[in-house]
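Listing of coords.cif; format and content: mmCIF, C-alpha atoms and all ligand atoms.
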data_run
#
loop_
_atom_site.group_PDB
_atom_site.id
_atom_site.type_symbol
_atom_site.label_atom_id
_atom_site.label_comp_id
_atom_site.auth_asym_id
_atom_site.auth_seq_id
_atom_site.Cartn_x
_atom_site.Cartn_y
_atom_site.Cartn_z
ATOM 1 C CA ILE A 1 0.000 0.000 0.000
ATOM 2 C CA GLY A 2 1.033 3.619 -0.410
ATOM 3 C CA ALA A 3 2.347 4.119 -3.905
ATOM 4 C CA ALA A 4 -0.090 4.424 -6.781
ATOM 5 C CA LEU A 5 -0.011 1.604 -9.313
ATOM 6 C CA LYS A 6 2.033 2.886 -12.210
ATOM 7 C CA ASP A 7 -0.134 1.228 -14.817
ATOM 8 C CA GLY A 8 -3.523 1.368 -13.063
ATOM 9 C CA PRO A 9 -6.674 2.364 -14.981
ATOM 10 C CA LEU A 10 -6.749 5.764 -13.233
ATOM 11 C CA ASN A 11 -3.127 6.568 -13.942
ATOM 12 C CA GLY A 12 -2.786 10.214 -14.971
ATOM 13 C CA LYS A 13 -6.204 11.114 -13.516
ATOM 14 C CA ARG A 14 -6.514 13.701 -10.792
ATOM 15 C CA ILE A 15 -9.356 12.982 -8.376
ATOM 16 C CA LEU A 16 -10.692 15.121 -5.545
ATOM 17 C CA VAL A 17 -12.300 13.423 -2.537
ATOM 18 C CA THR A 18 -13.942 15.355 0.308
ATOM 19 C CA SER A 19 -14.396 13.400 3.517
ATOM 20 C CA GLY A 20 -15.236 13.563 7.202
ATOM 21 C CA PRO A 21 -17.394 16.045 9.065
ATOM 22 C CA THR A 22 -16.892 19.780 9.226
ATOM 23 C CA HIS A 23 -16.681 21.602 12.547
ATOM 24 C CA GLU A 24 -18.457 24.927 12.778
ATOM 25 C CA PRO A 25 -17.181 26.952 15.733
ATOM 26 C CA ILE A 26 -19.511 28.417 18.354
ATOM 27 C CA ASP A 27 -16.567 29.815 20.312
ATOM 28 C CA PRO A 28 -12.922 28.711 20.654
ATOM 29 C CA VAL A 29 -13.876 25.574 22.598
ATOM 30 C CA ARG A 30 -17.253 24.551 21.149
ATOM 31 C CA TYR A 31 -18.514 23.515 17.729
ATOM 32 C CA ILE A 32 -21.436 22.085 15.767
ATOM 33 C CA ALA A 33 -20.856 19.085 13.519
ATOM 34 C CA ASN A 34 -22.460 16.204 11.666
ATOM 35 C CA ARG A 35 -21.869 12.641 12.758
ATOM 36 C CA SER A 36 -19.255 11.148 10.409
ATOM 37 C CA SER A 37 -16.276 8.875 11.020
ATOM 38 C CA GLY A 38 -14.758 9.638 7.624
ATOM 39 C CA ALA A 39 -14.243 5.896 7.081
ATOM 40 C CA GLN A 40 -16.034 5.618 3.726
ATOM 41 C CA GLY A 41 -14.259 8.654 2.275
ATOM 42 C CA ALA A 42 -10.841 7.427 3.423
ATOM 43 C CA ALA A 43 -11.494 3.960 1.985
ATOM 44 C CA LEU A 44 -12.548 5.492 -1.304
ATOM 45 C CA ALA A 45 -9.448 7.688 -1.510
ATOM 46 C CA ALA A 46 -7.292 4.608 -0.879
ATOM 47 C CA ALA A 47 -9.124 2.590 -3.538
ATOM 48 C CA LEU A 48 -8.739 5.370 -6.121
ATOM 49 C CA ARG A 49 -5.044 5.647 -5.236
ATOM 50 C CA ASP A 50 -4.670 1.900 -5.706
ATOM 51 C CA LEU A 51 -6.043 2.247 -9.251
ATOM 52 C CA GLY A 52 -3.320 4.783 -10.037
ATOM 53 C CA ALA A 53 -5.110 8.115 -9.484
ATOM 54 C CA GLU A 54 -3.487 11.219 -8.062
ATOM 55 C CA VAL A 55 -5.847 11.878 -5.138
ATOM 56 C CA VAL A 56 -6.428 15.210 -3.396
ATOM 57 C CA PHE A 57 -8.068 14.346 -0.071
ATOM 58 C CA VAL A 58 -9.791 17.322 1.542
ATOM 59 C CA THR A 59 -10.813 16.159 4.978
ATOM 60 C CA GLY A 60 -12.537 17.584 8.004
ATOM 61 C CA PRO A 61 -11.684 16.305 11.498
ATOM 62 C CA ALA A 62 -12.401 12.583 10.979
ATOM 63 C CA ASP A 63 -12.050 9.654 13.398
ATOM 64 C CA VAL A 64 -9.986 7.570 10.971
ATOM 65 C CA PRO A 65 -6.576 8.688 9.690
ATOM 66 C CA PRO A 66 -6.186 9.700 6.039
ATOM 67 C CA PRO A 67 -4.707 7.040 3.749
ATOM 68 C CA SER A 68 -1.053 7.218 2.777
ATOM 69 C CA GLY A 69 -0.051 8.144 -0.744
ATOM 70 C CA VAL A 70 -2.670 10.869 -1.185
ATOM 71 C CA ASP A 71 -2.369 14.645 -1.028
ATOM 72 C CA VAL A 72 -4.051 15.457 2.321
ATOM 73 C CA VAL A 73 -5.613 18.896 2.841
ATOM 74 C CA PRO A 74 -6.949 19.122 6.404
ATOM 75 C CA VAL A 75 -9.749 21.599 7.112
ATOM 76 C CA GLN A 76 -12.149 22.348 9.937
ATOM 77 C CA SER A 77 -15.133 24.328 8.660
ATOM 78 C CA ALA A 78 -17.345 24.116 5.573
ATOM 79 C CA GLN A 79 -16.005 27.446 4.360
ATOM 80 C CA GLN A 80 -12.441 26.126 4.631
ATOM 81 C CA MET A 81 -13.469 22.937 2.813
ATOM 82 C CA SER A 82 -15.051 25.012 0.068
ATOM 83 C CA ASP A 83 -11.878 27.091 -0.313
ATOM 84 C CA ALA A 84 -9.695 23.955 -0.370
ATOM 85 C CA VAL A 85 -11.887 22.380 -3.061
ATOM 86 C CA GLU A 86 -11.656 25.560 -5.115
ATOM 87 C CA ALA A 87 -7.866 25.456 -4.824
ATOM 88 C CA ALA A 88 -7.720 21.774 -5.839
ATOM 89 C CA LEU A 89 -9.551 22.311 -9.135
ATOM 90 C CA PRO A 90 -9.292 21.394 -11.966
ATOM 91 C CA VAL A 91 -9.780 17.666 -11.455
ATOM 92 C CA ASP A 92 -11.004 14.834 -13.674
ATOM 93 C CA VAL A 93 -13.384 13.516 -11.015
ATOM 94 C CA GLY A 94 -14.877 15.065 -7.871
ATOM 95 C CA VAL A 95 -16.159 12.754 -5.137
ATOM 96 C CA PHE A 96 -17.984 14.533 -2.315
ATOM 97 C CA ALA A 97 -18.179 12.133 0.610
ATOM 98 C CA ALA A 98 -17.913 14.760 3.357
ATOM 99 C CA ALA A 99 -20.736 15.288 5.844
ATOM 100 C CA VAL A 100 -20.711 19.059 5.533
ATOM 101 C CA ALA A 101 -22.569 21.047 8.175
ATOM 102 C CA ASP A 102 -25.425 22.855 6.452
ATOM 103 C CA TRP A 103 -25.217 25.802 8.819
ATOM 104 C CA ARG A 104 -22.560 27.698 10.700
ATOM 105 C CA VAL A 105 -22.990 29.979 13.687
ATOM 106 C CA ALA A 106 -23.492 33.424 12.172
ATOM 107 C CA SER A 107 -21.116 35.202 14.490
ATOM 108 C CA ALA A 108 -18.881 32.806 16.366
ATOM 109 C CA SER A 109 -17.447 34.321 19.520
ATOM 110 C CA ASP A 110 -13.683 34.795 19.707
ATOM 111 C CA LYS A 111 -13.914 34.459 23.475
ATOM 112 C CA LYS A 112 -15.268 31.459 25.329
ATOM 113 C CA LEU A 113 -18.935 31.969 26.205
ATOM 114 C CA LYS A 114 -19.351 31.867 29.967
ATOM 115 C CA LYS A 115 -22.129 29.960 31.656
ATOM 116 C CA SER A 116 -23.089 32.473 34.255
ATOM 117 C CA ARG A 117 -22.805 35.822 32.545
ATOM 118 C CA ASP A 118 -25.977 36.337 30.483
ATOM 119 C CA GLY A 119 -28.123 33.244 31.001
ATOM 120 C CA LEU A 120 -28.733 30.793 28.126
ATOM 121 C CA PRO A 121 -27.008 31.665 24.845
ATOM 122 C CA THR A 122 -29.025 31.912 21.622
ATOM 123 C CA LEU A 123 -27.318 30.825 18.427
ATOM 124 C CA ALA A 124 -28.139 32.460 15.106
ATOM 125 C CA PHE A 125 -27.193 30.450 12.009
ATOM 126 C CA ALA A 126 -26.046 31.269 8.495
ATOM 127 C CA GLU A 127 -26.141 28.823 5.572
ATOM 128 C CA ASN A 128 -22.860 27.263 4.467
ATOM 129 C CA PRO A 129 -21.796 27.130 0.819
ATOM 130 C CA ASP A 130 -23.067 23.998 -0.953
ATOM 131 C CA ILE A 131 -19.775 22.709 -2.318
ATOM 132 C CA LEU A 132 -21.178 19.816 -4.350
ATOM 133 C CA LYS A 133 -23.888 21.957 -5.917
ATOM 134 C CA ARG A 134 -21.459 24.685 -6.861
ATOM 135 C CA VAL A 135 -18.965 22.308 -8.490
ATOM 136 C CA SER A 136 -21.768 20.421 -10.281
ATOM 137 C CA HIS A 137 -23.023 23.650 -11.824
ATOM 138 C CA MET A 138 -19.663 24.987 -12.992
ATOM 139 C CA THR A 139 -19.921 26.081 -16.595
ATOM 140 C CA GLN A 140 -16.151 26.103 -17.122
ATOM 141 C CA GLY A 141 -13.784 23.454 -15.838
ATOM 142 C CA ARG A 142 -16.439 21.177 -14.341
ATOM 143 C CA PRO A 143 -14.983 17.762 -13.465
ATOM 144 C CA GLY A 144 -15.967 15.170 -16.070
ATOM 145 C CA LEU A 145 -17.643 13.111 -13.351
ATOM 146 C CA VAL A 146 -19.172 14.520 -10.159
ATOM 147 C CA VAL A 147 -20.220 12.063 -7.448
ATOM 148 C CA GLY A 148 -22.223 13.090 -4.400
ATOM 149 C CA PHE A 149 -23.243 11.123 -1.338
ATOM 150 C CA ALA A 150 -26.563 11.123 0.458
ATOM 151 C CA ALA A 151 -27.131 9.755 3.928
ATOM 152 C CA GLU A 152 -30.882 9.351 4.377
ATOM 153 C CA THR A 153 -33.019 7.936 7.154
ATOM 154 C CA ASP A 154 -36.139 7.108 5.137
ATOM 155 C CA ASP A 155 -37.414 6.695 1.569
ATOM 156 C CA VAL A 156 -33.760 6.484 0.478
ATOM 157 C CA ILE A 157 -34.159 6.019 -3.280
ATOM 158 C CA ASN A 158 -36.749 8.764 -3.751
ATOM 159 C CA HIS A 159 -34.916 11.273 -1.589
ATOM 160 C CA ALA A 160 -31.576 10.545 -3.229
ATOM 161 C CA THR A 161 -32.989 10.629 -6.760
ATOM 162 C CA ALA A 162 -34.448 14.062 -6.065
ATOM 163 C CA LYS A 163 -31.179 15.117 -4.471
ATOM 164 C CA ARG A 164 -29.175 14.124 -7.571
ATOM 165 C CA LEU A 165 -31.311 16.409 -9.717
ATOM 166 C CA ARG A 166 -31.237 19.234 -7.182
ATOM 167 C CA LYS A 167 -27.462 19.085 -6.825
ATOM 168 C CA GLY A 168 -26.751 18.617 -10.528
ATOM 169 C CA CYS A 169 -24.224 15.834 -9.936
ATOM 170 C CA ASP A 170 -23.838 12.765 -12.148
ATOM 171 C CA TRP A 171 -24.080 10.088 -9.480
ATOM 172 C CA ILE A 172 -25.329 9.918 -5.929
ATOM 173 C CA VAL A 173 -24.138 7.194 -3.607
ATOM 174 C CA ALA A 174 -27.012 6.906 -1.161
ATOM 175 C CA ASN A 175 -27.309 4.956 2.029
ATOM 176 C CA ASP A 176 -29.800 4.378 4.796
ATOM 177 C CA VAL A 177 -28.353 5.617 8.070
ATOM 178 C CA SER A 178 -31.452 5.122 10.206
ATOM 179 C CA PRO A 179 -30.377 3.717 13.598
ATOM 180 C CA ALA A 180 -31.969 0.314 12.921
ATOM 181 C CA THR A 181 -29.463 -0.398 10.113
ATOM 182 C CA GLY A 182 -26.491 0.007 12.469
ATOM 183 C CA ILE A 183 -24.509 1.463 9.556
ATOM 184 C CA MET A 184 -23.640 4.798 11.117
ATOM 185 C CA GLY A 185 -20.193 4.479 12.681
ATOM 186 C CA GLY A 186 -19.847 0.813 11.657
ATOM 187 C CA SER A 187 -17.521 -0.937 9.214
ATOM 188 C CA GLU A 188 -20.211 -1.949 6.716
ATOM 189 C CA ASN A 189 -22.340 -0.021 4.284
ATOM 190 C CA ALA A 190 -25.329 -0.749 2.062
ATOM 191 C CA VAL A 191 -25.486 1.738 -0.768
ATOM 192 C CA VAL A 192 -27.661 2.567 -3.731
ATOM 193 C CA LEU A 193 -25.874 4.022 -6.750
ATOM 194 C CA ILE A 194 -28.128 6.562 -8.431
ATOM 195 C CA SER A 195 -27.409 7.883 -11.901
ATOM 196 C CA GLU A 196 -29.440 9.026 -14.874
ATOM 197 C CA ASP A 197 -29.913 5.306 -15.597
ATOM 198 C CA GLY A 198 -31.782 4.762 -12.337
ATOM 199 C CA ALA A 199 -31.083 3.220 -8.943
ATOM 200 C CA GLU A 200 -28.795 0.234 -8.443
ATOM 201 C CA GLU A 201 -28.989 -1.383 -5.008
ATOM 202 C CA TRP A 202 -25.749 -2.949 -3.843
ATOM 203 C CA PRO A 203 -25.736 -5.664 -1.189
ATOM 204 C CA ARG A 204 -24.464 -4.808 2.269
ATOM 205 C CA MET A 205 -20.671 -5.198 2.399
ATOM 206 C CA GLY A 206 -17.580 -3.790 4.073
ATOM 207 C CA LYS A 207 -16.772 -0.114 3.487
ATOM 208 C CA THR A 208 -13.482 -1.168 1.858
ATOM 209 C CA GLN A 209 -15.396 -3.349 -0.579
ATOM 210 C CA VAL A 210 -17.881 -0.544 -1.340
ATOM 211 C CA ALA A 211 -14.897 1.731 -1.976
ATOM 212 C CA ARG A 212 -13.227 -0.727 -4.351
ATOM 213 C CA GLN A 213 -16.396 -1.256 -6.363
ATOM 214 C CA LEU A 214 -17.016 2.489 -6.595
ATOM 215 C CA ALA A 215 -13.432 3.091 -7.695
ATOM 216 C CA ASP A 216 -13.843 0.411 -10.375
ATOM 217 C CA ARG A 217 -17.049 2.067 -11.570
ATOM 218 C CA ILE A 218 -15.358 5.450 -11.714
ATOM 219 C CA ALA A 219 -12.496 3.978 -13.742
ATOM 220 C CA ALA A 220 -14.978 2.311 -16.104
ATOM 221 C CA ALA A 221 -16.920 5.566 -16.543
ATOM 222 C CA LEU A 222 -13.770 7.454 -17.516
ATOM 223 C CA VAL A 223 -12.863 4.848 -20.122
ATOM 224 C CA GLY A 224 -16.381 4.461 -21.495
HETATM 225 N N1 LIG B 301 -22.570 18.779 0.399
HETATM 226 C C1 LIG B 301 -21.635 19.768 0.115
HETATM 227 N N2 LIG B 301 -21.722 20.978 0.732
HETATM 228 C C2 LIG B 301 -22.700 21.230 1.615
HETATM 229 C C3 LIG B 301 -23.660 20.247 1.926
HETATM 230 C C4 LIG B 301 -23.559 19.021 1.302
HETATM 231 O O1 LIG B 301 -20.733 19.513 -0.692
HETATM 232 N N3 LIG B 301 -22.758 22.426 2.185
HETATM 233 C C5 LIG B 301 -22.502 17.483 -0.295
HETATM 234 C C6 LIG B 301 -22.168 16.292 0.586
HETATM 235 O O2 LIG B 301 -20.769 16.089 0.652
HETATM 236 C C7 LIG B 301 -22.880 15.163 -0.132
HETATM 237 C C8 LIG B 301 -24.081 15.831 -0.776
HETATM 238 O O3 LIG B 301 -23.763 17.219 -0.818
HETATM 239 O O4 LIG B 301 -22.098 14.653 -1.200
HETATM 240 C C9 LIG B 301 -25.384 15.626 -0.114
HETATM 241 O O5 LIG B 301 -25.338 16.108 1.199
HETATM 242 P P1 LIG B 301 -26.696 16.148 2.005
HETATM 243 O O6 LIG B 301 -26.419 16.703 3.350
HETATM 244 O O7 LIG B 301 -27.328 14.789 1.931
HETATM 245 O O8 LIG B 301 -27.559 17.122 1.100
HETATM 246 P P2 LIG B 301 -28.348 18.441 1.449
HETATM 247 O O9 LIG B 301 -28.633 19.116 0.141
HETATM 248 O O10 LIG B 301 -27.612 19.246 2.471
HETATM 249 O O11 LIG B 301 -29.718 17.902 1.979
HETATM 250 P P3 LIG B 301 -30.277 17.583 3.468
HETATM 251 O O12 LIG B 301 -31.308 18.619 3.719
HETATM 252 O O13 LIG B 301 -30.839 16.187 3.326
HETATM 253 O O14 LIG B 301 -29.123 17.642 4.443
HETATM 254 CA CA CA B 302 -26.981 18.448 4.530
#

Would it be possible to restate this file's structure as C-alpha cells?
Amino acid sequence: IGAALKDGPLNGKRILVTSGPTHEPIDPVRYIANRSSGAQGAALAAALRDLGAEVVFVTGPADVPPPSGVDVVPVQSAQQMSDAVEAALPVDVGVFAAAVADWRVASASDKKLKKSRDGLPTLAFAENPDILKRVSHMTQGRPGLVVGFAAETDDVINHATAKRLRKGCDWIVANDVSPATGIMGGSENAVVLISEDGAEEWPRMGKTQVARQLADRIAAALVG
C-alpha cells in the first residue's frame, strides 16, 4: 500500500475526494458538527489511489486517519473545505463524501462563552456554501464526473434521486443511516448508486469493498 499503481486504470487522472465532518465553531472551545467517522471517504481515496489516481483528499476532522499516498488537505469548517476544493480544481473527477454542516454559527465568539454571565445563549445560524452543488453547476472546468453522497433515514431512493437532480451531480451514492441499520459508525455499508440510468442497489458489504467497487465504476466511466 502507499504508492499508486504505475499502470492502473486511473493513472494520470486527478481525483478530488472530500471526507469527514466539518466543525463549525460556536466559540474557541465549542462547535457544531455532523456525525461522520470519515471511514467511507478514506477507503474510497485509498481505492482510487490503488487504481493509479493522483488523489487530493480534503478532509474535516475525521475519526480515521487519512490514507497514505494521497495529497491530504486538512480543514475544519465548511467554508475552509469550500476554499480547499476551489484550490484543488481542476480535477477529472470530484467525489464529495464529506458530511458538511449545512449551517454555521453566524457570528462565532472569539472568546469562550461563559455559563453564568448572560443566562442561556441563543445561536443564530447562516447557511454554508453547498460545495457539491457549486462544483456540479460549474460552466467552465467542471470535473468530467461529479459524485455526491446522500445519507438518508427514510425513503432512500426517492430522496436521493431528487437530491441528484437538485445538486446537478452525475451520481449519488445513497445509504440508509437510520439507527436500525447500524450502519452509522460501523464498518459496513449498504449503498444505492443513483445515476441518470436509475437506482442500483448494492448488497451490504464492508466499506473497503464498497470503496473498491465504486473506484472500479469510476475507472470504467472514464474509459467508457
Ligand atoms: N454537500 C456539500 N456541501 C454542503 C452540503 C452538502 O458539498 N454544504 C454534499 C455532501 O458532501 C454530499 C451531498 O452534498 O455529497 C449531499 O449532502 P446532504 O447533506 O445529503 O444534502 P443536502 O442538500 O444538504 O440535503 P439535506 O437537507 O438532506 O441535508
Ligand atoms: Ca446536509

Between A:Asp170, A:Asp102, A:Glu86, A:Asp118, single out the one closest to ligand CA 302 (chain B), counting only C-alpha atoms and all ligand atoms.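 Answer, going by the shortest atom-to-atom distance: A:Asp102.
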
Rounded to one decimal place, report the CA of Ala46 (chain A)-CA of Pro66 (chain A) distance in Å.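 Rounded to one decimal, the two atoms are 8.7 Å apart.
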
Compile the contact shell of Arg166 (chain A) as a list in words: residues with an atom at most 10 Å away, counting all atoms listed in the file, same-chain residues fewer than 5 positions apart removed. Lys133, Ala160 and Thr161 of chain A

Sorted per-residue table, chain A near ligand LIG 301 (chain B), closest atoms and distance, 9 Å, only C-alpha atoms and all ligand atoms, as JSON lines:
{"residue": "A:Thr18", "atom": "CA", "partner": "B:LIG301", "partner_atom": "O2", "distance": 6.9}
{"residue": "A:Ser19", "atom": "CA", "partner": "B:LIG301", "partner_atom": "O2", "distance": 7.5}
{"residue": "A:Gly20", "atom": "CA", "partner": "B:LIG301", "partner_atom": "O2", "distance": 8.9}
{"residue": "A:Ala78", "atom": "CA", "partner": "B:LIG301", "partner_atom": "N3", "distance": 6.6}
{"residue": "A:Gln79", "atom": "CA", "partner": "B:LIG301", "partner_atom": "N3", "distance": 8.7}
{"residue": "A:Met81", "atom": "CA", "partner": "B:LIG301", "partner_atom": "N2", "distance": 8.7}
{"residue": "A:Ser82", "atom": "CA", "partner": "B:LIG301", "partner_atom": "N2", "distance": 7.8}
{"residue": "A:Val95", "atom": "CA", "partner": "B:LIG301", "partner_atom": "O4", "distance": 7.4}
{"residue": "A:Phe96", "atom": "CA", "partner": "B:LIG301", "partner_atom": "O4", "distance": 4.3}
{"residue": "A:Ala97", "atom": "CA", "partner": "B:LIG301", "partner_atom": "O2", "distance": 4.7}
{"residue": "A:Ala98", "atom": "CA", "partner": "B:LIG301", "partner_atom": "O2", "distance": 4.2}
{"residue": "A:Ala99", "atom": "CA", "partner": "B:LIG301", "partner_atom": "O2", "distance": 5.3}
{"residue": "A:Val100", "atom": "CA", "partner": "B:LIG301", "partner_atom": "C3", "distance": 4.8}
{"residue": "A:Ala101", "atom": "CA", "partner": "B:LIG301", "partner_atom": "N3", "distance": 6.1}
{"residue": "A:Asp102", "atom": "CA", "partner": "B:LIG301", "partner_atom": "N3", "distance": 5.1}
{"residue": "A:Trp103", "atom": "CA", "partner": "B:LIG301", "partner_atom": "N3", "distance": 7.8}
{"residue": "A:Glu127", "atom": "CA", "partner": "B:LIG301", "partner_atom": "N3", "distance": 8.0}
{"residue": "A:Asn128", "atom": "CA", "partner": "B:LIG301", "partner_atom": "N3", "distance": 5.3}
{"residue": "A:Pro129", "atom": "CA", "partner": "B:LIG301", "partner_atom": "N3", "distance": 5.0}
{"residue": "A:Asp130", "atom": "CA", "partner": "B:LIG301", "partner_atom": "N3", "distance": 3.5}
{"residue": "A:Ile131", "atom": "CA", "partner": "B:LIG301", "partner_atom": "O1", "distance": 3.7}
{"residue": "A:Leu132", "atom": "CA", "partner": "B:LIG301", "partner_atom": "O1", "distance": 3.7}
{"residue": "A:Lys133", "atom": "CA", "partner": "B:LIG301", "partner_atom": "O1", "distance": 6.6}
{"residue": "A:Arg134", "atom": "CA", "partner": "B:LIG301", "partner_atom": "O1", "distance": 8.1}
{"residue": "A:Val135", "atom": "CA", "partner": "B:LIG301", "partner_atom": "O1", "distance": 8.5}
{"residue": "A:Val147", "atom": "CA", "partner": "B:LIG301", "partner_atom": "O4", "distance": 7.0}
{"residue": "A:Gly148", "atom": "CA", "partner": "B:LIG301", "partner_atom": "O4", "distance": 3.6}
{"residue": "A:Phe149", "atom": "CA", "partner": "B:LIG301", "partner_atom": "O4", "distance": 3.7}
{"residue": "A:Ala150", "atom": "CA", "partner": "B:LIG301", "partner_atom": "O7", "distance": 4.0}
{"residue": "A:Ala151", "atom": "CA", "partner": "B:LIG301", "partner_atom": "O7", "distance": 5.4}
{"residue": "A:Glu152", "atom": "CA", "partner": "B:LIG301", "partner_atom": "O13", "distance": 6.9}
{"residue": "A:His159", "atom": "CA", "partner": "B:LIG301", "partner_atom": "O13", "distance": 8.1}
{"residue": "A:Ala160", "atom": "CA", "partner": "B:LIG301", "partner_atom": "O7", "distance": 7.9}
{"residue": "A:Lys163", "atom": "CA", "partner": "B:LIG301", "partner_atom": "O9", "distance": 6.6}
{"residue": "A:Arg164", "atom": "CA", "partner": "B:LIG301", "partner_atom": "C9", "distance": 8.5}
{"residue": "A:Arg166", "atom": "CA", "partner": "B:LIG301", "partner_atom": "O9", "distance": 7.8}
{"residue": "A:Lys167", "atom": "CA", "partner": "B:LIG301", "partner_atom": "O9", "distance": 7.1}
{"residue": "A:Ile172", "atom": "CA", "partner": "B:LIG301", "partner_atom": "O4", "distance": 7.4}
{"residue": "A:Val173", "atom": "CA", "partner": "B:LIG301", "partner_atom": "O4", "distance": 8.1}
{"residue": "A:Ala174", "atom": "CA", "partner": "B:LIG301", "partner_atom": "O7", "distance": 8.5}

Go through A:Gly119, A:Ala87, A:Glu54, A:Arg104 and flag the residue nearest ligand CA 302 (chain B), using only C-alpha atoms and all ligand atoms for the distances.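 Result for the nearest residue to ligand CA 302 (chain B): A:Arg104.
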
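The smallest atom-to-atom distance between Ala180 (chain A) and any of A:Thr59, A:Thr22, A:Asn158, A:Thr153, using all atoms listed in the file, is found for A:Thr153.
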